[in-house]
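With PDB, C-alpha atoms inside, this is structure.pdb:
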```pdb
ATOM      1  CA  MET A   1       0.805 -19.315  38.524
ATOM      2  CA  SER A   2      -0.203 -16.705  35.954
ATOM      3  CA  ARG A   3       2.574 -14.327  34.949
ATOM      4  CA  SER A   4       0.686 -11.074  34.576
ATOM      5  CA  SER A   5       1.777  -7.525  33.946
ATOM      6  CA  SER A   6       2.310  -5.359  36.991
ATOM      7  CA  ARG A   7      -0.286  -3.107  35.336
ATOM      8  CA  GLY A   8      -2.872  -5.885  35.195
ATOM      9  CA  GLY A   9      -3.683  -8.448  32.505
ATOM     10  CA  PRO A  10      -1.267 -10.628  30.501
ATOM     11  CA  LYS A  11       2.197  -9.117  30.364
ATOM     12  CA  THR A  12       2.581 -10.100  26.682
ATOM     13  CA  LEU A  13      -0.024  -9.081  24.133
ATOM     14  CA  ILE A  14      -0.328 -10.278  20.517
ATOM     15  CA  ILE A  15      -2.173  -7.615  18.513
ATOM     16  CA  CYS A  16      -3.664  -7.484  15.025
ATOM     17  CA  ALA A  17      -6.087  -5.150  13.238
ATOM     18  CA  CYS A  18      -8.190  -4.905  10.088
ATOM     19  CA  ASP A  19     -11.367  -3.521   8.556
ATOM     20  CA  GLN A  20     -14.356  -5.607   7.478
ATOM     21  CA  PRO A  21     -13.127  -6.649   3.986
ATOM     22  CA  TYR A  22     -10.142  -8.410   5.549
ATOM     23  CA  PHE A  23     -12.118 -10.040   8.343
ATOM     24  CA  PRO A  24     -12.401 -13.455   6.571
ATOM     25  CA  ILE A  25      -8.605 -13.541   6.402
ATOM     26  CA  VAL A  26      -7.924 -12.431   9.976
ATOM     27  CA  LYS A  27     -10.289 -15.163  11.174
ATOM     28  CA  GLY A  28      -7.739 -17.667   9.902
ATOM     29  CA  LEU A  29      -5.014 -15.979  11.936
ATOM     30  CA  ILE A  30      -7.072 -16.084  15.135
ATOM     31  CA  LEU A  31      -8.050 -19.722  14.652
ATOM     32  CA  SER A  32      -4.465 -20.702  13.866
ATOM     33  CA  LEU A  33      -3.414 -19.197  17.187
ATOM     34  CA  LEU A  34      -6.198 -20.802  19.224
ATOM     35  CA  ASP A  35      -6.885 -24.170  17.583
ATOM     36  CA  PRO A  36      -3.793 -25.869  19.073
ATOM     37  CA  GLY A  37      -5.099 -25.047  22.562
ATOM     38  CA  PRO A  38      -4.923 -22.147  25.011
ATOM     39  CA  LEU A  39      -1.965 -19.822  24.801
ATOM     40  CA  PRO A  40       0.256 -19.568  27.894
ATOM     41  CA  ASP A  41      -1.636 -17.568  30.489
ATOM     42  CA  HIS A  42       0.856 -14.673  30.338
ATOM     43  CA  ILE A  43       0.123 -14.161  26.610
ATOM     44  CA  GLY A  44      -3.087 -12.435  25.550
ATOM     45  CA  LEU A  45      -4.721 -11.658  22.198
ATOM     46  CA  ALA A  46      -6.099  -8.302  21.120
ATOM     47  CA  PHE A  47      -7.770  -7.003  17.975
ATOM     48  CA  ILE A  48      -8.013  -3.349  16.945
ATOM     49  CA  ASP A  49     -11.288  -2.601  15.197
ATOM     50  CA  VAL A  50     -10.663  -0.530  12.063
ATOM     51  CA  GLY A  51     -14.235  -0.706  10.785
ATOM     52  CA  CYS A  52     -15.674  -4.185  11.328
ATOM     53  CA  THR A  53     -19.351  -5.057  11.618
ATOM     54  CA  ARG A  54     -20.965  -5.893  14.937
ATOM     55  CA  PRO A  55     -21.285  -9.625  14.051
ATOM     56  CA  SER A  56     -17.568  -9.756  13.260
ATOM     57  CA  LEU A  57     -16.680  -8.153  16.587
ATOM     58  CA  GLU A  58     -19.021 -10.550  18.366
ATOM     59  CA  TRP A  59     -17.187 -13.436  16.697
ATOM     60  CA  MET A  60     -13.914 -12.035  18.055
ATOM     61  CA  GLU A  61     -15.367 -11.639  21.515
ATOM     62  CA  GLY A  62     -16.629 -15.215  21.340
ATOM     63  CA  GLN A  63     -13.032 -16.348  20.862
ATOM     64  CA  GLY A  64     -12.024 -14.452  23.992
ATOM     65  CA  ILE A  65     -10.232 -11.730  22.028
ATOM     66  CA  ARG A  66      -9.817  -8.320  23.630
ATOM     67  CA  ILE A  67     -11.248  -5.603  21.351
ATOM     68  CA  GLY A  68      -9.365  -2.319  21.111
ATOM     69  CA  LYS A  69     -10.429   0.906  19.435
ATOM     70  CA  LEU A  70      -8.602   3.636  17.560
ATOM     71  CA  ASP A  71      -8.419   6.396  20.155
ATOM     72  CA  PRO A  72      -8.323   9.972  18.763
ATOM     73  CA  ALA A  73      -7.081  11.140  22.155
ATOM     74  CA  VAL A  74      -3.977   9.007  21.529
ATOM     75  CA  MET A  75      -3.621   9.063  17.743
ATOM     76  CA  GLY A  76      -5.135  12.407  16.824
ATOM     77  CA  ASP A  77      -6.011  12.704  13.143
ATOM     78  CA  LEU A  78      -4.290   9.382  12.458
ATOM     79  CA  ALA A  79      -7.446   7.789  13.853
ATOM     80  CA  SER A  80      -9.567   9.553  11.229
ATOM     81  CA  ALA A  81     -11.719   7.390   8.971
ATOM     82  CA  LYS A  82     -10.359   9.262   5.949
ATOM     83  CA  LEU A  83      -7.227   7.102   6.198
ATOM     84  CA  GLY A  84      -9.337   4.000   5.610
ATOM     85  CA  TYR A  85      -7.571   0.651   5.959
ATOM     86  CA  GLN A  86      -4.234   2.397   6.581
ATOM     87  CA  ARG A  87      -5.322   3.026  10.149
ATOM     88  CA  ALA A  88      -4.393  -0.640  10.683
ATOM     89  CA  GLN A  89      -0.859   0.448   9.794
ATOM     90  CA  THR A  90      -0.606   3.909  11.335
ATOM     91  CA  CYS A  91      -1.865   2.638  14.703
ATOM     92  CA  ARG A  92       1.194   0.465  15.210
ATOM     93  CA  PRO A  93       3.566   3.047  16.737
ATOM     94  CA  PHE A  94       0.843   3.785  19.299
ATOM     95  CA  LEU A  95       0.428   0.240  20.623
ATOM     96  CA  PRO A  96       1.959   0.968  24.066
ATOM     97  CA  LYS A  97      -0.486   3.870  24.478
ATOM     98  CA  LEU A  98      -3.486   1.949  23.165
ATOM     99  CA  PHE A  99      -2.690  -1.021  25.470
ATOM    100  CA  PRO A 100      -0.944   0.578  28.468
ATOM    101  CA  ASP A 101      -1.275  -2.527  30.636
ATOM    102  CA  ALA A 102       0.961  -4.665  28.380
ATOM    103  CA  GLU A 103       4.716  -4.888  28.891
ATOM    104  CA  THR A 104       5.669  -6.816  25.739
ATOM    105  CA  LEU A 105       3.789  -5.972  22.552
ATOM    106  CA  ILE A 106       3.798  -8.316  19.566
ATOM    107  CA  TRP A 107       2.239  -7.090  16.338
ATOM    108  CA  ILE A 108       1.103  -9.517  13.645
ATOM    109  CA  ASP A 109      -0.553  -8.544  10.362
ATOM    110  CA  SER A 110      -4.101  -9.670   9.658
ATOM    111  CA  ASP A 111      -3.048 -11.444   6.448
ATOM    112  CA  THR A 112      -0.890 -13.968   8.268
ATOM    113  CA  TRP A 113      -1.545 -17.272   9.978
ATOM    114  CA  VAL A 114       0.546 -19.331  12.325
ATOM    115  CA  GLN A 115       1.823 -22.855  11.834
ATOM    116  CA  ASP A 116       4.286 -22.794  14.750
ATOM    117  CA  ARG A 117       3.277 -20.826  17.869
ATOM    118  CA  SER A 118       6.596 -21.304  19.647
ATOM    119  CA  VAL A 119       7.916 -17.956  18.428
ATOM    120  CA  PHE A 120       5.425 -16.135  20.680
ATOM    121  CA  THR A 121       6.651 -17.892  23.798
ATOM    122  CA  TYR A 122      10.190 -17.060  22.728
ATOM    123  CA  LEU A 123       9.332 -13.392  22.226
ATOM    124  CA  GLY A 124       7.468 -13.201  25.512
ATOM    125  CA  ASP A 125      10.604 -14.422  27.271
ATOM    126  CA  ALA A 126      13.276 -12.685  25.173
ATOM    127  CA  VAL A 127      11.908  -9.146  24.823
ATOM    128  CA  PRO A 128      12.140  -8.402  28.587
ATOM    129  CA  GLU A 129      15.799  -9.446  28.412
ATOM    130  CA  TYR A 130      16.501  -7.040  25.534
ATOM    131  CA  ARG A 131      14.198  -4.119  26.239
ATOM    132  CA  GLN A 132      15.916  -1.713  23.846
ATOM    133  CA  HIS A 133      15.804  -4.058  20.878
ATOM    134  CA  LEU A 134      13.353  -4.499  18.027
ATOM    135  CA  PHE A 135      12.622  -8.158  17.263
ATOM    136  CA  ILE A 136      11.770  -8.444  13.563
ATOM    137  CA  ALA A 137      12.381 -10.652  10.524
ATOM    138  CA  PRO A 138      14.097  -9.468   7.333
ATOM    139  CA  GLU A 139      12.477 -10.065   3.950
ATOM    140  CA  TYR A 140      15.374 -12.297   3.013
ATOM    141  CA  HIS A 141      15.261 -16.053   2.534
ATOM    142  CA  TYR A 142      17.108 -18.358   0.140
ATOM    143  CA  SER A 143      13.802 -19.328  -1.491
ATOM    144  CA  TYR A 144      12.728 -15.744  -2.361
ATOM    145  CA  THR A 145      13.526 -16.166  -6.040
ATOM    146  CA  TYR A 146      11.880 -12.879  -7.051
ATOM    147  CA  VAL A 147      14.283 -10.974  -4.830
ATOM    148  CA  HIS A 148      17.416 -12.921  -5.767
ATOM    149  CA  ASP A 149      16.776 -13.131  -9.517
ATOM    150  CA  ASP A 150      16.568  -9.349  -9.901
ATOM    151  CA  VAL A 151      18.661  -7.738  -7.184
ATOM    152  CA  LYS A 152      19.068  -4.495  -9.128
ATOM    153  CA  GLY A 153      15.337  -4.223  -9.752
ATOM    154  CA  ARG A 154      14.541  -4.897  -6.099
ATOM    155  CA  ARG A 155      16.969  -2.185  -4.964
ATOM    156  CA  GLU A 156      15.449   0.290  -7.428
ATOM    157  CA  GLU A 157      11.981  -0.587  -6.139
ATOM    158  CA  MET A 158      12.983  -0.007  -2.524
ATOM    159  CA  PHE A 159      14.766   3.242  -3.449
ATOM    160  CA  SER A 160      11.485   4.474  -4.930
ATOM    161  CA  TYR A 161       9.820   3.977  -1.521
ATOM    162  CA  TYR A 162      12.573   5.495   0.630
ATOM    163  CA  GLU A 163      13.508   8.524  -1.490
ATOM    164  CA  PRO A 164      10.199  10.442  -1.404
ATOM    165  CA  LEU A 165       9.934  10.013   2.369
ATOM    166  CA  PHE A 166      13.532  10.296   3.585
ATOM    167  CA  GLY A 167      15.654  11.652   0.735
ATOM    168  CA  GLY A 168      18.240  10.236  -1.609
ATOM    169  CA  GLU A 169      21.101   9.637   0.845
ATOM    170  CA  THR A 170      19.004   7.484   3.166
ATOM    171  CA  ALA A 171      17.382   5.759   0.192
ATOM    172  CA  LEU A 172      20.760   4.825  -1.315
ATOM    173  CA  LEU A 173      21.874   3.225   1.943
ATOM    174  CA  LEU A 174      18.725   1.433   3.065
ATOM    175  CA  SER A 175      17.671   0.171  -0.364
ATOM    176  CA  THR A 176      20.785  -2.019  -0.357
ATOM    177  CA  LEU A 177      19.839  -3.643   2.967
ATOM    178  CA  PRO A 178      17.233  -6.372   3.498
ATOM    179  CA  THR A 179      13.848  -4.849   4.292
ATOM    180  CA  LEU A 180      12.624  -5.397   7.839
ATOM    181  CA  ASN A 181       9.050  -6.586   7.396
ATOM    182  CA  SER A 182       6.658  -5.006   9.886
ATOM    183  CA  GLY A 183       4.117  -7.809   9.496
ATOM    184  CA  LEU A 184       5.534  -9.349  12.680
ATOM    185  CA  PHE A 185       7.589  -7.544  15.287
ATOM    186  CA  ALA A 186       7.916  -7.300  19.049
ATOM    187  CA  MET A 187       9.175  -4.657  21.454
ATOM    188  CA  ASP A 188       9.094  -3.728  25.104
ATOM    189  CA  ALA A 189       6.492  -1.071  25.872
ATOM    190  CA  GLY A 190       9.230   1.308  27.013
ATOM    191  CA  ASN A 191      11.393   0.966  23.903
ATOM    192  CA  ALA A 192      12.427   4.367  22.507
ATOM    193  CA  ILE A 193      11.717   3.165  18.960
ATOM    194  CA  TRP A 194       7.971   3.552  19.518
ATOM    195  CA  THR A 195       8.238   7.317  20.014
ATOM    196  CA  LEU A 196      10.709   7.834  17.162
ATOM    197  CA  TRP A 197       8.480   5.826  14.837
ATOM    198  CA  GLU A 198       5.408   7.755  15.964
ATOM    199  CA  GLU A 199       7.129  11.043  15.144
ATOM    200  CA  GLU A 200       7.932   9.904  11.618
ATOM    201  CA  ILE A 201       4.398   8.630  11.020
ATOM    202  CA  LYS A 202       2.949  11.960  12.136
ATOM    203  CA  ARG A 203       5.354  13.815   9.858
ATOM    204  CA  ILE A 204       4.568  11.665   6.832
ATOM    205  CA  PHE A 205       0.801  11.453   7.204
ATOM    206  CA  LEU A 206      -0.058  14.714   8.948
ATOM    207  CA  GLY A 207       2.837  17.139   8.652
ATOM    208  CA  GLU A 208       3.437  17.205   4.903
ATOM    209  CA  SER A 209       1.148  18.287   2.095
ATOM    210  CA  THR A 210       3.140  16.595  -0.684
ATOM    211  CA  PRO A 211       0.923  14.001  -2.411
ATOM    212  CA  ARG A 212       2.221  10.448  -2.261
ATOM    213  CA  GLU A 213       1.819   7.753  -4.856
ATOM    214  CA  ILE A 214      -0.484   5.039  -3.573
ATOM    215  CA  VAL A 215       2.283   2.427  -3.294
ATOM    216  CA  VAL A 216       4.615   4.811  -1.449
ATOM    217  CA  ARG A 217       1.808   5.743   0.922
ATOM    218  CA  HIS A 218       0.955   2.090   1.502
ATOM    219  CA  MET A 219       4.579   1.299   2.350
ATOM    220  CA  ALA A 220       5.216   4.437   4.421
ATOM    221  CA  ASP A 221       4.825   3.012   7.920
ATOM    222  CA  GLN A 222       7.126   0.062   7.211
ATOM    223  CA  ILE A 223       9.673   2.322   5.523
ATOM    224  CA  ALA A 224       9.611   4.648   8.538
ATOM    225  CA  LEU A 225      10.183   1.743  10.917
ATOM    226  CA  ASN A 226      13.151   0.581   8.817
ATOM    227  CA  VAL A 227      14.728   4.028   8.951
ATOM    228  CA  VAL A 228      14.219   4.422  12.703
ATOM    229  CA  ALA A 229      15.405   0.880  13.426
ATOM    230  CA  ARG A 230      18.606   1.332  11.419
ATOM    231  CA  ARG A 231      19.287   4.655  13.139
ATOM    232  CA  VAL A 232      18.857   3.161  16.609
ATOM    233  CA  ASN A 233      20.625  -0.035  15.522
ATOM    234  CA  LYS A 234      19.198  -2.221  18.262
ATOM    235  CA  LEU A 235      17.972  -5.183  16.225
ATOM    236  CA  MET A 236      17.286  -8.788  17.095
ATOM    237  CA  LEU A 237      16.627 -10.467  13.754
ATOM    238  CA  LEU A 238      14.163 -13.340  13.628
ATOM    239  CA  ASP A 239      14.283 -16.291  11.255
ATOM    240  CA  PRO A 240      12.365 -15.262   8.081
ATOM    241  CA  LEU A 241      10.416 -18.520   8.376
ATOM    242  CA  TYR A 242       8.467 -16.731  11.125
ATOM    243  CA  ASN A 243       7.260 -14.067   8.724
ATOM    244  CA  TYR A 244       7.443 -15.851   5.388
ATOM    245  CA  VAL A 245       6.406 -13.370   2.681
ATOM    246  CA  CYS A 246       4.533 -15.482   0.163
ATOM    247  CA  LEU A 247       4.508 -12.999  -2.707
ATOM    248  CA  TRP A 248       8.266 -13.483  -3.260
ATOM    249  CA  THR A 249       7.860 -17.241  -3.857
ATOM    250  CA  PRO A 250       4.714 -19.065  -2.701
ATOM    251  CA  PRO A 251       5.342 -21.979  -0.350
ATOM    252  CA  VAL A 252       3.676 -25.334  -0.975
ATOM    253  CA  ARG A 253       1.201 -27.422   1.022
ATOM    254  CA  ASP A 254       2.196 -31.082   1.298
ATOM    255  CA  ALA A 255      -0.064 -34.142   1.420
ATOM    256  CA  GLN A 256      -0.323 -33.850   5.214
ATOM    257  CA  GLY A 257      -1.465 -30.226   4.969
ATOM    258  CA  ILE A 258       1.824 -28.724   6.184
ATOM    259  CA  VAL A 259       2.937 -25.552   4.403
ATOM    260  CA  ARG A 260       6.593 -25.791   3.432
ATOM    261  CA  VAL A 261       9.235 -23.758   1.599
ATOM    262  CA  ALA A 262       8.999 -24.463  -2.129
ATOM    263  CA  LEU A 263      12.730 -25.283  -2.490
ATOM    264  CA  PRO A 264      14.565 -28.238  -0.924
ATOM    265  CA  PRO A 265      14.801 -29.249   1.832
ATOM    266  CA  HIS A 266      11.186 -28.004   2.048
ATOM    267  CA  VAL A 267      11.309 -26.976   5.694
ATOM    268  CA  PRO A 268       7.997 -26.065   7.355
ATOM    269  CA  VAL A 269       7.073 -22.396   7.463
ATOM    270  CA  GLY A 270       6.444 -20.992  10.934
ATOM    271  CA  ILE A 271       4.206 -18.046  10.007
ATOM    272  CA  ILE A 272       2.648 -17.674   6.562
ATOM    273  CA  HIS A 273       2.302 -14.040   5.420
ATOM    274  CA  LEU A 274      -0.139 -13.651   2.520
ATOM    275  CA  ALA A 275       1.384 -10.306   1.610
ATOM    276  CA  GLY A 276       1.020  -8.129  -1.452
ATOM    277  CA  GLY A 277      -2.677  -7.320  -1.284
ATOM    278  CA  TRP A 278      -5.580  -9.738  -1.654
ATOM    279  CA  LYS A 279      -6.882  -7.899  -4.713
ATOM    280  CA  HIS A 280      -3.569  -8.575  -6.433
ATOM    281  CA  TYR A 281      -2.506 -11.971  -5.075
ATOM    282  CA  GLY A 282      -5.619 -13.507  -3.513
ATOM    283  CA  GLU A 283      -6.491 -15.663  -6.502
ATOM    284  CA  ARG A 284      -3.017 -17.187  -6.449
ATOM    285  CA  TYR A 285      -3.127 -17.780  -2.699
ATOM    286  CA  LEU A 286      -6.480 -19.546  -3.029
ATOM    287  CA  ARG A 287      -5.215 -21.616  -5.941
ATOM    288  CA  GLU A 288      -2.061 -22.602  -4.064
ATOM    289  CA  ARG A 289      -4.198 -23.540  -1.013
ATOM    290  CA  LEU A 290      -2.309 -21.193   1.298
ATOM    291  CA  LEU A 291      -5.108 -20.082   3.606
ATOM    292  CA  TYR A 292      -5.288 -21.531   7.096
ATOM    293  CA  ARG A 293      -6.793 -25.050   6.894
ATOM    294  CA  ASP A 294      -7.144 -24.412   3.157
ATOM    295  CA  GLY A 295      -9.893 -21.906   3.977
ATOM    296  CA  GLU A 296     -12.340 -24.506   5.296
ATOM    297  CA  TYR A 297     -13.253 -22.150   8.162
ATOM    298  CA  LEU A 298     -14.755 -19.611   5.728
ATOM    299  CA  THR A 299     -18.510 -19.204   5.456
ATOM    300  CA  PRO A 300     -19.961 -19.586   1.929
ATOM    301  CA  GLU A 301     -20.456 -15.816   1.786
ATOM    302  CA  GLU A 302     -16.865 -15.125   2.842
ATOM    303  CA  ARG A 303     -15.517 -17.548   0.266
ATOM    304  CA  ILE A 304     -17.524 -15.881  -2.486
ATOM    305  CA  GLU A 305     -16.180 -12.481  -1.463
ATOM    306  CA  LEU A 306     -12.569 -13.697  -1.497
ATOM    307  CA  GLN A 307     -13.052 -15.406  -4.853
ATOM    308  CA  THR A 308     -14.546 -12.312  -6.508
ATOM    309  CA  PRO A 309     -11.923 -11.130  -9.011
ATOM    310  CA  ASN A 310     -10.574  -7.660  -8.260
ATOM    311  CA  SER A 311     -13.090  -7.100  -5.492
ATOM    312  CA  GLN A 312     -13.395  -3.365  -4.916
ATOM    313  CA  SER A 313     -13.656  -3.977  -1.187
ATOM    314  CA  LEU A 314     -10.299  -5.740  -1.132
ATOM    315  CA  ASP A 315      -8.296  -2.814  -2.410
ATOM    316  CA  PHE A 316      -4.533  -2.302  -2.396
ATOM    317  CA  ARG A 317      -2.940  -3.367   0.840
TER     318      ARG A 317
END
```
Please render this file's structure as structure tokens.
Amino acid sequence: MSRSSSRGGPKTLIICACDQPYFPIVKGLILSLLDPGPLPDHIGLAFIDVGCTRPSLEWMEGQGIRIGKLDPAVMGDLASAKLGYQRAQTCRPFLPKLFPDAETLIWIDSDTWVQDRSVFTYLGDAVPEYRQHLFIAPEYHYSYTYVHDDVKGRREEMFSYYEPLFGGETALLLSTLPTLNSGLFAMDAGNAIWTLWEEEIKRIFLGESTPREIVVRHMADQIALNVVARRVNKLMLLDPLYNYVCLWTPPVRDAQGIVRVALPPHVPVGIIHLAGGWKHYGERYLRERLLYRDGEYLTPEERIELQTPNSQSLDFR
């Protein structure tokens, strides 16, 4: 029997979003979720359109994906096109309002793909048991050599993100803690963190006139979630293998096509996160064969676009 939300539809919803330049990458995510077979009938898939072409949306619809829109009635000026690709970030605190029929909301970034779907079944079952908790993975794994080889530099980098948005005291504290990566997280629709996060996003993007450096602005929604989550202190940490941030140390693809951690014992990665911005790291990810199915799903035109050095359409993100 289908376990559906009391408000209609699947009670658990996996949601992603992107604009047209990132569509070739998000296709890999969708296929990685669907190729193994249908998801459990209580888990649905949704995509928020942040500026995709009609053919791209038709492709999504052909996969049975629910298409959501940025609703100005819900998001106000945060839905404005002037924010560009960042609308795929600033929409996240509004997920319960954009999808009011879902009870458990799972966000996954468009530059990820899934090698082990079991985490979604786990989240669908666990979140209702811990409705006040945020389920999220820290950016901390023994194989992240960039982080471990320069701890002082990493803390200084994180301080530079926190301090302009939340002040020196908060920056000193949180820059010493592992970053909670918002590329994959799950919460109950009634969790208080949504509203607290929404308030901070509105303050940062709409309520202040102070210009932000591009990197600080890009990181702002994740930084805000970290601050709110640490204040509430209701965390359920996930294994970093289920949001493996490839820019810290790229994993490796073995002879059987399985993506594994680069250091022994070379365990399989659950979810591959091609983070850091395609313009900056895409060439390396292509070279290391880290796209879903080594990118064989791409059309010739999509492959050319992704292989174009420093493509202006694939800007910082």
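When you apply the PyMOL selection byres ((chain A and resi 128) around 10) to this structure, what comes back is Thr12, Glu103, Thr104, Leu123, Gly124, Asp125, Ala126, Val127, Glu129, Tyr130, Arg131, Gln132, His133, Met187, Asp188 and Ala189 of chain A.
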Using Å and a single decimal, report how far atom CA of Lys202 of chain A sits from atom CA of Gly76 of chain A.
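That distance, rounded to one decimal, is 9.4 Å.
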Show which residues sit within 6 Å of segment 234-243 of chain A, as a ChimeraX atom specification. Count only C-alpha atoms, and ignore same-chain residues fewer than 4 positions away.
/A:133-137,269-271,273
Can you tell me, as a ChimeraX atom specification, what residues are no more than 12 Å from Phe23 of chain A when counting all atoms listed in the file, ignoring any on the same chain fewer than 3 positions away?
/A:16-20,26-30,47-57,59-60,85,109-112,278,298-299,302-303,305-306,313-314
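Candidate residues A:Leu225, A:Ile201, A:Leu45, A:Ala220 were compared for distance to Cys91 of chain A, and the nearest is A:Ile201, using only C-alpha atoms.
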